[in-house]
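Source file start-v3.txt; content: compact mmCIF, C-alpha atoms.
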```
# COMPACT_ATOMS: atom_id res chain seq x y z
CA MET A 1 39.27 -184.05 117.95
CA LEU A 2 41.99 -185.06 115.49
CA GLY A 3 39.90 -183.77 112.61
CA THR A 4 39.39 -180.42 114.32
CA ALA A 5 43.13 -180.12 114.87
CA VAL A 6 43.87 -180.94 111.22
CA SER A 7 41.36 -178.40 109.90
CA VAL A 8 42.58 -175.59 112.18
CA CYS A 9 46.22 -176.24 111.24
CA SER A 10 45.47 -176.39 107.51
CA VAL A 11 43.37 -173.22 107.40
CA SER A 12 45.92 -171.37 109.55
CA ALA A 13 48.70 -172.46 107.20
CA LEU A 14 46.82 -170.99 104.23
CA ALA A 15 47.29 -167.55 105.78
CA LEU A 16 51.08 -167.90 105.97
CA GLY A 17 53.21 -166.12 103.41
CA PRO A 18 56.92 -166.55 102.66
CA GLY A 19 59.04 -166.09 105.79
CA GLN A 20 56.05 -165.76 108.12
CA LEU A 21 56.51 -169.03 109.97
CA GLY A 22 57.79 -167.81 113.31
CA PRO A 23 56.89 -167.17 116.98
CA ALA A 24 53.85 -164.99 116.16
CA ALA A 25 52.41 -167.68 113.92
CA GLY A 26 53.12 -170.34 116.55
CA VAL A 27 51.30 -168.42 119.28
CA ALA A 28 48.34 -167.73 117.00
CA LEU A 29 48.11 -171.40 116.04
CA LEU A 30 48.27 -172.49 119.68
CA GLN A 31 45.45 -170.07 120.56
CA ALA A 32 43.32 -171.36 117.68
CA LEU A 33 44.00 -175.03 118.37
CA SER A 34 43.43 -175.00 122.13
CA SER A 35 40.25 -172.92 121.96
CA ALA A 36 38.83 -174.92 119.03
CA LEU A 37 39.39 -178.28 120.74
CA LEU A 38 37.79 -177.07 123.96
CA MET A 39 34.80 -175.67 122.08
CA ASN A 40 34.46 -178.93 120.18
CA ILE A 41 34.13 -180.83 123.46
CA CYS A 42 31.60 -178.29 124.72
CA ILE A 43 29.35 -178.43 121.64
CA VAL A 44 29.44 -182.21 121.35
CA GLY A 45 28.65 -182.39 125.06
CA ILE A 46 25.62 -180.12 124.70
CA ASN A 47 24.22 -182.38 121.99
CA GLN A 48 24.73 -185.49 124.12
CA LEU A 49 23.05 -183.87 127.14
CA TYR A 50 19.85 -183.37 125.15
CA ASP A 51 20.03 -186.62 123.17
CA VAL A 52 20.40 -189.18 125.97
CA GLU A 53 17.19 -191.06 125.12
CA ILE A 54 17.90 -191.04 121.38
CA ASP A 55 21.51 -192.11 121.93
CA ARG A 56 20.40 -195.08 124.02
CA ILE A 57 18.91 -196.40 120.77
CA ASN A 58 21.32 -195.08 118.14
CA LYS A 59 24.62 -194.76 120.05
CA PRO A 60 24.43 -196.65 123.34
CA TYR A 61 28.22 -196.56 123.69
CA LEU A 62 28.34 -192.79 124.38
CA PRO A 63 29.22 -191.87 128.00
CA LEU A 64 25.86 -190.41 129.05
CA ALA A 65 23.78 -193.00 127.19
CA ALA A 66 25.88 -195.82 128.66
CA GLY A 67 25.65 -194.39 132.17
CA ASP A 68 29.40 -193.82 132.48
CA PHE A 69 28.79 -190.11 133.22
CA THR A 70 25.95 -188.56 135.20
CA LEU A 71 24.05 -185.60 133.77
CA GLY A 72 25.72 -183.42 136.41
CA THR A 73 29.16 -184.50 135.28
CA GLY A 74 28.25 -183.86 131.66
CA GLN A 75 26.94 -180.39 132.48
CA ALA A 76 30.12 -179.55 134.39
CA ILE A 77 32.33 -180.64 131.48
CA VAL A 78 30.29 -178.58 129.03
CA ALA A 79 30.40 -175.46 131.22
CA ALA A 80 34.12 -175.75 131.95
CA THR A 81 35.24 -176.37 128.37
CA GLY A 82 32.99 -173.66 126.95
CA ALA A 83 34.18 -171.08 129.46
CA ALA A 84 37.85 -172.00 128.95
CA SER A 85 37.52 -171.76 125.18
CA LEU A 86 35.93 -168.31 125.29
CA ALA A 87 38.53 -167.16 127.84
CA ILE A 88 41.30 -168.03 125.37
CA GLY A 89 39.52 -166.01 122.70
CA VAL A 90 39.26 -163.00 125.00
CA ALA A 91 42.88 -163.29 126.13
CA ALA A 92 44.06 -163.48 122.51
CA ALA A 93 42.37 -160.14 121.79
CA SER A 94 41.43 -161.53 118.38
CA PRO A 95 37.96 -160.53 117.11
CA PRO A 96 37.93 -163.24 114.39
CA LEU A 97 38.84 -165.96 116.90
CA LEU A 98 36.31 -164.83 119.49
CA ALA A 99 33.59 -164.48 116.84
CA THR A 100 34.31 -167.99 115.58
CA LEU A 101 34.15 -169.49 119.06
CA GLY A 102 31.08 -167.52 120.14
CA GLY A 103 29.27 -168.17 116.88
CA SER A 104 30.00 -171.89 117.05
CA LEU A 105 28.73 -172.08 120.62
CA ALA A 106 25.55 -170.14 119.80
CA LEU A 107 24.78 -172.41 116.86
CA GLY A 108 25.59 -175.51 118.92
CA ILE A 109 23.08 -174.39 121.56
CA ALA A 110 20.43 -173.60 118.95
CA TYR A 111 21.00 -176.96 117.27
CA SER A 112 20.69 -179.19 120.34
CA THR A 113 18.92 -177.40 123.20
CA ASP A 114 15.32 -178.49 123.76
CA LEU A 115 13.83 -175.05 124.46
CA PRO A 116 11.18 -172.97 122.67
CA PHE A 117 12.29 -171.92 119.16
CA LEU A 118 15.47 -173.99 119.51
CA ARG A 119 16.31 -177.68 118.94
CA TRP A 120 16.99 -176.78 115.28
CA LYS A 121 18.10 -180.33 114.54
CA ARG A 122 14.40 -181.16 114.17
CA SER A 123 14.35 -179.11 110.96
CA PRO A 124 16.46 -180.41 108.04
CA VAL A 125 16.96 -176.86 106.76
CA LEU A 126 17.95 -175.36 110.11
CA ALA A 127 20.12 -178.35 111.01
CA ALA A 128 21.98 -178.12 107.71
CA SER A 129 22.34 -174.35 108.13
CA CYS A 130 24.01 -174.79 111.53
CA ILE A 131 26.55 -177.27 110.23
CA LEU A 132 27.21 -175.21 107.09
CA ALA A 133 27.76 -172.05 109.10
CA VAL A 134 30.29 -173.69 111.41
CA ARG A 135 32.13 -176.14 109.15
CA ALA A 136 32.11 -174.18 105.90
CA ILE A 137 32.26 -170.55 107.00
CA LEU A 138 33.28 -169.97 110.61
CA VAL A 139 36.10 -172.54 110.65
CA GLN A 140 37.52 -171.48 107.28
CA LEU A 141 37.31 -167.71 107.55
CA GLY A 142 37.56 -167.31 111.33
CA PHE A 143 40.84 -169.14 111.89
CA PHE A 144 42.26 -167.82 108.60
CA PHE A 145 41.58 -164.20 109.56
CA HIS A 146 42.86 -164.84 113.09
CA MET A 147 46.21 -165.92 111.68
CA GLN A 148 46.31 -163.02 109.21
CA LEU A 149 45.78 -160.46 111.96
CA ALA A 150 48.32 -162.15 114.25
CA LEU A 151 50.89 -161.80 111.46
CA GLY A 152 50.28 -158.07 111.16
CA SER A 153 47.65 -157.68 108.44
CA ALA A 154 45.83 -154.38 108.74
CA ALA A 155 42.53 -156.02 107.80
CA PRO A 156 41.30 -159.52 106.85
CA ALA A 157 41.67 -160.34 103.15
CA VAL A 158 40.10 -163.21 101.19
CA THR A 159 42.64 -165.02 99.02
CA ARG A 160 42.03 -167.48 96.18
CA PRO A 161 42.95 -170.57 98.27
CA ILE A 162 40.63 -169.67 101.15
CA ALA A 163 37.82 -168.81 98.73
CA PHE A 164 38.13 -172.26 97.15
CA ALA A 165 38.39 -173.93 100.57
CA THR A 166 35.22 -172.20 101.76
CA ALA A 167 33.23 -173.16 98.64
CA PHE A 168 34.42 -176.77 98.68
CA MET A 169 33.77 -177.24 102.38
CA LEU A 170 30.34 -175.65 101.93
CA LEU A 171 29.35 -178.51 99.63
CA PHE A 172 30.98 -181.08 101.89
CA SER A 173 29.18 -179.64 104.90
CA VAL A 174 25.84 -180.00 103.12
CA VAL A 175 26.62 -183.69 102.75
CA ILE A 176 27.66 -184.09 106.38
CA ALA A 177 24.47 -182.36 107.52
CA LEU A 178 22.33 -184.76 105.49
CA PHE A 179 24.43 -187.92 105.81
CA LYS A 180 24.73 -187.89 109.60
CA ASP A 181 21.01 -188.69 109.97
CA VAL A 182 20.90 -191.56 107.46
CA PRO A 183 21.94 -194.32 109.92
CA ASP A 184 19.80 -192.84 112.71
CA VAL A 185 16.40 -193.15 111.05
CA LYS A 186 15.03 -195.65 113.59
CA GLY A 187 15.90 -193.60 116.67
CA ASP A 188 14.96 -190.26 115.13
CA SER A 189 11.60 -191.57 113.94
CA HIS A 190 10.88 -193.02 117.39
CA ALA A 191 11.72 -189.66 119.00
CA GLY A 192 9.66 -187.65 116.51
CA VAL A 193 12.68 -185.95 114.93
CA ARG A 194 11.61 -185.51 111.30
CA THR A 195 14.98 -185.43 109.57
CA LEU A 196 15.19 -185.54 105.79
CA SER A 197 16.20 -189.21 106.01
CA VAL A 198 13.03 -189.97 107.98
CA ARG A 199 10.91 -188.09 105.45
CA LEU A 200 12.44 -189.31 102.19
CA GLY A 201 14.05 -192.58 103.23
CA PRO A 202 17.71 -193.37 103.87
CA SER A 203 18.52 -194.70 100.38
CA ARG A 204 17.47 -191.54 98.55
CA VAL A 205 19.35 -189.25 100.92
CA PHE A 206 22.43 -191.49 100.85
CA TRP A 207 22.81 -191.38 97.07
CA THR A 208 22.07 -187.66 97.00
CA CYS A 209 25.01 -187.15 99.35
CA ILE A 210 27.28 -189.24 97.15
CA ALA A 211 26.25 -187.26 94.05
CA ILE A 212 27.00 -183.92 95.75
CA LEU A 213 30.45 -185.10 96.79
CA GLU A 214 31.28 -186.38 93.33
CA ALA A 215 30.27 -182.99 91.91
CA ALA A 216 32.52 -181.29 94.49
CA TYR A 217 35.50 -183.42 93.44
CA ALA A 218 34.82 -182.66 89.78
CA GLY A 219 34.75 -178.95 90.63
CA ALA A 220 38.05 -179.25 92.51
CA ILE A 221 39.67 -180.75 89.42
CA VAL A 222 38.39 -177.85 87.29
CA VAL A 223 39.72 -175.29 89.78
CA GLY A 224 43.06 -177.08 89.95
CA PHE A 225 43.44 -176.95 86.18
CA GLN A 226 43.31 -173.15 86.36
CA SER A 227 46.72 -173.04 88.05
CA GLU A 228 49.69 -171.82 86.01
CA LEU A 229 51.89 -174.46 87.65
CA LEU A 230 52.00 -177.87 85.99
CA TRP A 231 52.72 -179.73 89.22
CA SER A 232 49.71 -178.10 90.88
CA ARG A 233 47.40 -179.04 88.00
CA VAL A 234 48.60 -182.64 87.97
CA ALA A 235 48.57 -183.06 91.78
CA THR A 236 45.08 -181.63 92.31
CA ALA A 237 43.58 -183.55 89.38
CA VAL A 238 45.07 -186.92 90.34
CA ALA A 239 44.33 -186.53 94.06
CA HIS A 240 40.70 -185.52 93.61
CA ALA A 241 40.02 -188.07 90.89
CA ALA A 242 41.36 -190.76 93.23
CA MET A 243 39.25 -189.54 96.15
CA GLY A 244 36.14 -189.44 93.99
CA ALA A 245 36.79 -193.01 92.81
CA LEU A 246 37.37 -194.19 96.40
CA LEU A 247 34.11 -192.62 97.52
CA LEU A 248 32.11 -194.29 94.74
CA TRP A 249 33.75 -197.65 95.49
CA ARG A 250 32.88 -197.35 99.20
CA ALA A 251 29.32 -196.22 98.50
CA ARG A 252 28.61 -199.17 96.21
CA ARG A 253 29.80 -201.57 98.93
CA THR A 254 27.49 -200.07 101.57
CA ASP A 255 24.56 -202.16 102.75
CA LEU A 256 21.77 -199.60 103.04
CA SER A 257 19.71 -201.98 105.19
CA SER A 258 22.41 -201.90 107.87
CA PRO A 259 22.69 -198.75 110.04
CA ALA A 260 26.11 -199.94 111.19
CA ASP A 261 27.40 -200.19 107.61
CA ILE A 262 25.92 -196.79 106.72
CA SER A 263 27.66 -195.34 109.79
CA ARG A 264 30.96 -196.78 108.60
CA CYS A 265 30.47 -195.14 105.21
CA TYR A 266 29.57 -191.88 106.97
CA MET A 267 32.82 -192.02 108.93
CA PHE A 268 34.64 -192.75 105.67
CA THR A 269 33.31 -189.46 104.27
CA TRP A 270 34.62 -187.70 107.38
CA GLY A 271 38.02 -189.14 106.53
CA LEU A 272 37.72 -187.67 103.04
CA PHE A 273 36.59 -184.37 104.54
CA TYR A 274 39.72 -184.02 106.65
CA ALA A 275 41.94 -185.45 103.91
CA GLU A 276 40.90 -182.45 101.83
CA TYR A 277 42.62 -180.16 104.32
CA LEU A 278 45.87 -181.95 103.49
CA LEU A 279 45.28 -181.20 99.79
CA LEU A 280 44.41 -177.50 100.11
CA PRO A 281 48.07 -176.36 100.01
CA LEU A 282 48.36 -177.95 96.53
CA PHE A 283 46.09 -175.26 95.06
CA ARG A 284 48.18 -172.39 93.71
```

Whole structure, structure tokens version:
Amino acid sequence: MLGTAVSVCSVSALALGPGQLGPAAGVALLQALSSALLMNICIVGINQLYDVEIDRINKPYLPLAAGDFTLGTGQAIVAATGAASLAIGVAAASPPLLATLGGSLALGIAYSTDLPFLRWKRSPVLAASCILAVRAILVQLGFFFHMQLALGSAAPAVTRPIAFATAFMLLFSVVIALFKDVPDVKGDSHAGVRTLSVRLGPSRVFWTCIAILEAAYAGAIVVGFQSELLWSRVATAVAHAAMGALLLWRARRTDLSSPADISRCYMFTWGLFYAEYLLLPLFR
């Protein structure tokens, strides 16, 4: 939830120009934040509704797997939060916001729901595509364009910062899509979910993810050096070099025979993912 809030605020801020921080921007941000948080609960809830048996092995602490919530309660929460999120999008009269919310919900249903032609999480390619579409494209462009239109833009326009943010988060989202299954090999294999980690082994997928992230950080340094401002070049280079070094240090300390330790490293990469949103304003 905190990560969703950080990403929405950062992307919305990228759309602000000089003197545009005012009531209109505040209302637009509130619309984006409230609807995004509600939709986050809805989509996570859908996944847990269809993963109860798997979660009893991989994540027994989750409410449905632990028996804290009944299936009926879970279904009610999912329905209520999804409906409330879409209602905010409709009330805002913002096509980019509504498209982002509706697209995220549709992909969340396709990813998790155990119906014919759905349950895309069984396919590494389709699973990765869902996460890429939401995290790298819908979140970046949808909330950015929503803020632009709320501030009076005649039409959405792609700027250099949002183009970089989309490309960087695309690579990061590839990693998240692959990495999330590495600690869950036992449960996924038992349930017949043939993730890439099940097929290739957790070690190979783990180090592939680390390599992709290191390449992304190297690319961020190159992009940062293209700025005409010295402070921007220095800040982006130092920050991304430090984050790349931290990632490599954490990866080398990870015990790949321990799902719990792999999960901790996975959560560490999520921290880096959301930390990047704090660095985006440094790119000029």

Exercise for the section: Anything within 12 Å of (54.5, -163.9, 116.0): list those residues as an MDAnalysis selection string, counting all atoms listed in the file and sticking to the file's coordinates. Expected result: chainID A and resid 16 19:31 147:153

Dump of C-alpha atoms for the selected residues, as a PDB file, keeping the file's coordinate frame:
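Saved file selection31.pdb follows:
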```pdb
ATOM      1  CA  LEU A  16      51.080-167.900 105.970  1.00  0.00           C
ATOM      2  CA  GLY A  19      59.040-166.090 105.790  1.00  0.00           C
ATOM      3  CA  GLN A  20      56.050-165.760 108.120  1.00  0.00           C
ATOM      4  CA  LEU A  21      56.510-169.030 109.970  1.00  0.00           C
ATOM      5  CA  GLY A  22      57.790-167.810 113.310  1.00  0.00           C
ATOM      6  CA  PRO A  23      56.890-167.170 116.980  1.00  0.00           C
ATOM      7  CA  ALA A  24      53.850-164.990 116.160  1.00  0.00           C
ATOM      8  CA  ALA A  25      52.410-167.680 113.920  1.00  0.00           C
ATOM      9  CA  GLY A  26      53.120-170.340 116.550  1.00  0.00           C
ATOM     10  CA  VAL A  27      51.300-168.420 119.280  1.00  0.00           C
ATOM     11  CA  ALA A  28      48.340-167.730 117.000  1.00  0.00           C
ATOM     12  CA  LEU A  29      48.110-171.400 116.040  1.00  0.00           C
ATOM     13  CA  LEU A  30      48.270-172.490 119.680  1.00  0.00           C
ATOM     14  CA  GLN A  31      45.450-170.070 120.560  1.00  0.00           C
ATOM     15  CA  MET A 147      46.210-165.920 111.680  1.00  0.00           C
ATOM     16  CA  GLN A 148      46.310-163.020 109.210  1.00  0.00           C
ATOM     17  CA  LEU A 149      45.780-160.460 111.960  1.00  0.00           C
ATOM     18  CA  ALA A 150      48.320-162.150 114.250  1.00  0.00           C
ATOM     19  CA  LEU A 151      50.890-161.800 111.460  1.00  0.00           C
ATOM     20  CA  GLY A 152      50.280-158.070 111.160  1.00  0.00           C
ATOM     21  CA  SER A 153      47.650-157.680 108.440  1.00  0.00           C
TER      22      SER A 153
END
```

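For the atom pair formed by atom CA of Ala136 of chain A and atom CA of Gly17 of chain A, the distance is 22.7 Å, given to one decimal.
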
Practice task
With a distance cut-off of 9 Å and all atoms listed in the file, select the neighbouring residues of segment 159-166 of chain A, excluding the residue or stretch itself and same-chain residues fewer than 5 positions from it, and output the selection as a VMD selection string.
Solution key: chain A and resid 11 14 to 15 135 to 137 139 to 141 144 171 220 223 276 to 277 280 to 281 283 to 284

Practice task
For atom CA of Ala65 of chain A and atom CA of Gly45 of chain A, determine how far apart the two atoms are, in Å to one decimal place.
Solution key: 11.9 Å

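Residue nearest Met39 of chain A, chosen from A:Ser173, A:Ser129, A:Thr254, A:Thr100 and counting all atoms listed in the file: A:Thr100.
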
Handout entry: Contacts of Ala99 of chain A at 12 Å (only C-alpha atoms; same-chain gap of 4+ positions) as a ChimeraX atom specification
Key = /A:32,35-36,85-86,89-90,92-95,103-107,134,137-139,141-143,145-146

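Using all atoms listed in the file for every distance, the candidate list A:Gly244, A:Leu282, A:Phe273, A:Leu118 yields A:Leu282 as the residue closest to Leu230 of chain A.
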
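For the atom pair formed by atom CA of Pro116 of chain A and atom CA of Asp51 of chain A, the distance is 16.3 Å, given to one decimal.
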
Once you count all atoms listed in the file, which residues end up no further than 8 Å from (21.8, -198.5, 112.8) in the file's frame, shown as a compact mmCIF listing (two decimals) with C-alpha atoms, keeping the file's coordinate frame?
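Result saved to out15.txt:
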```txt
# COMPACT_ATOMS: atom_id res chain seq x y z
CA ASN A 58 21.32 -195.08 118.14
CA PRO A 183 21.94 -194.32 109.92
CA ASP A 184 19.80 -192.84 112.71
CA VAL A 185 16.40 -193.15 111.05
CA LYS A 186 15.03 -195.65 113.59
CA SER A 258 22.41 -201.90 107.87
CA PRO A 259 22.69 -198.75 110.04
CA ALA A 260 26.11 -199.94 111.19
CA ASP A 261 27.40 -200.19 107.61
CA ILE A 262 25.92 -196.79 106.72
CA SER A 263 27.66 -195.34 109.79
```

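Considering all atoms listed in the file, the residue among A:Asn47, A:Ser7, A:Thr70, A:Thr195 positioned nearest to Ala127 of chain A is A:Thr195.
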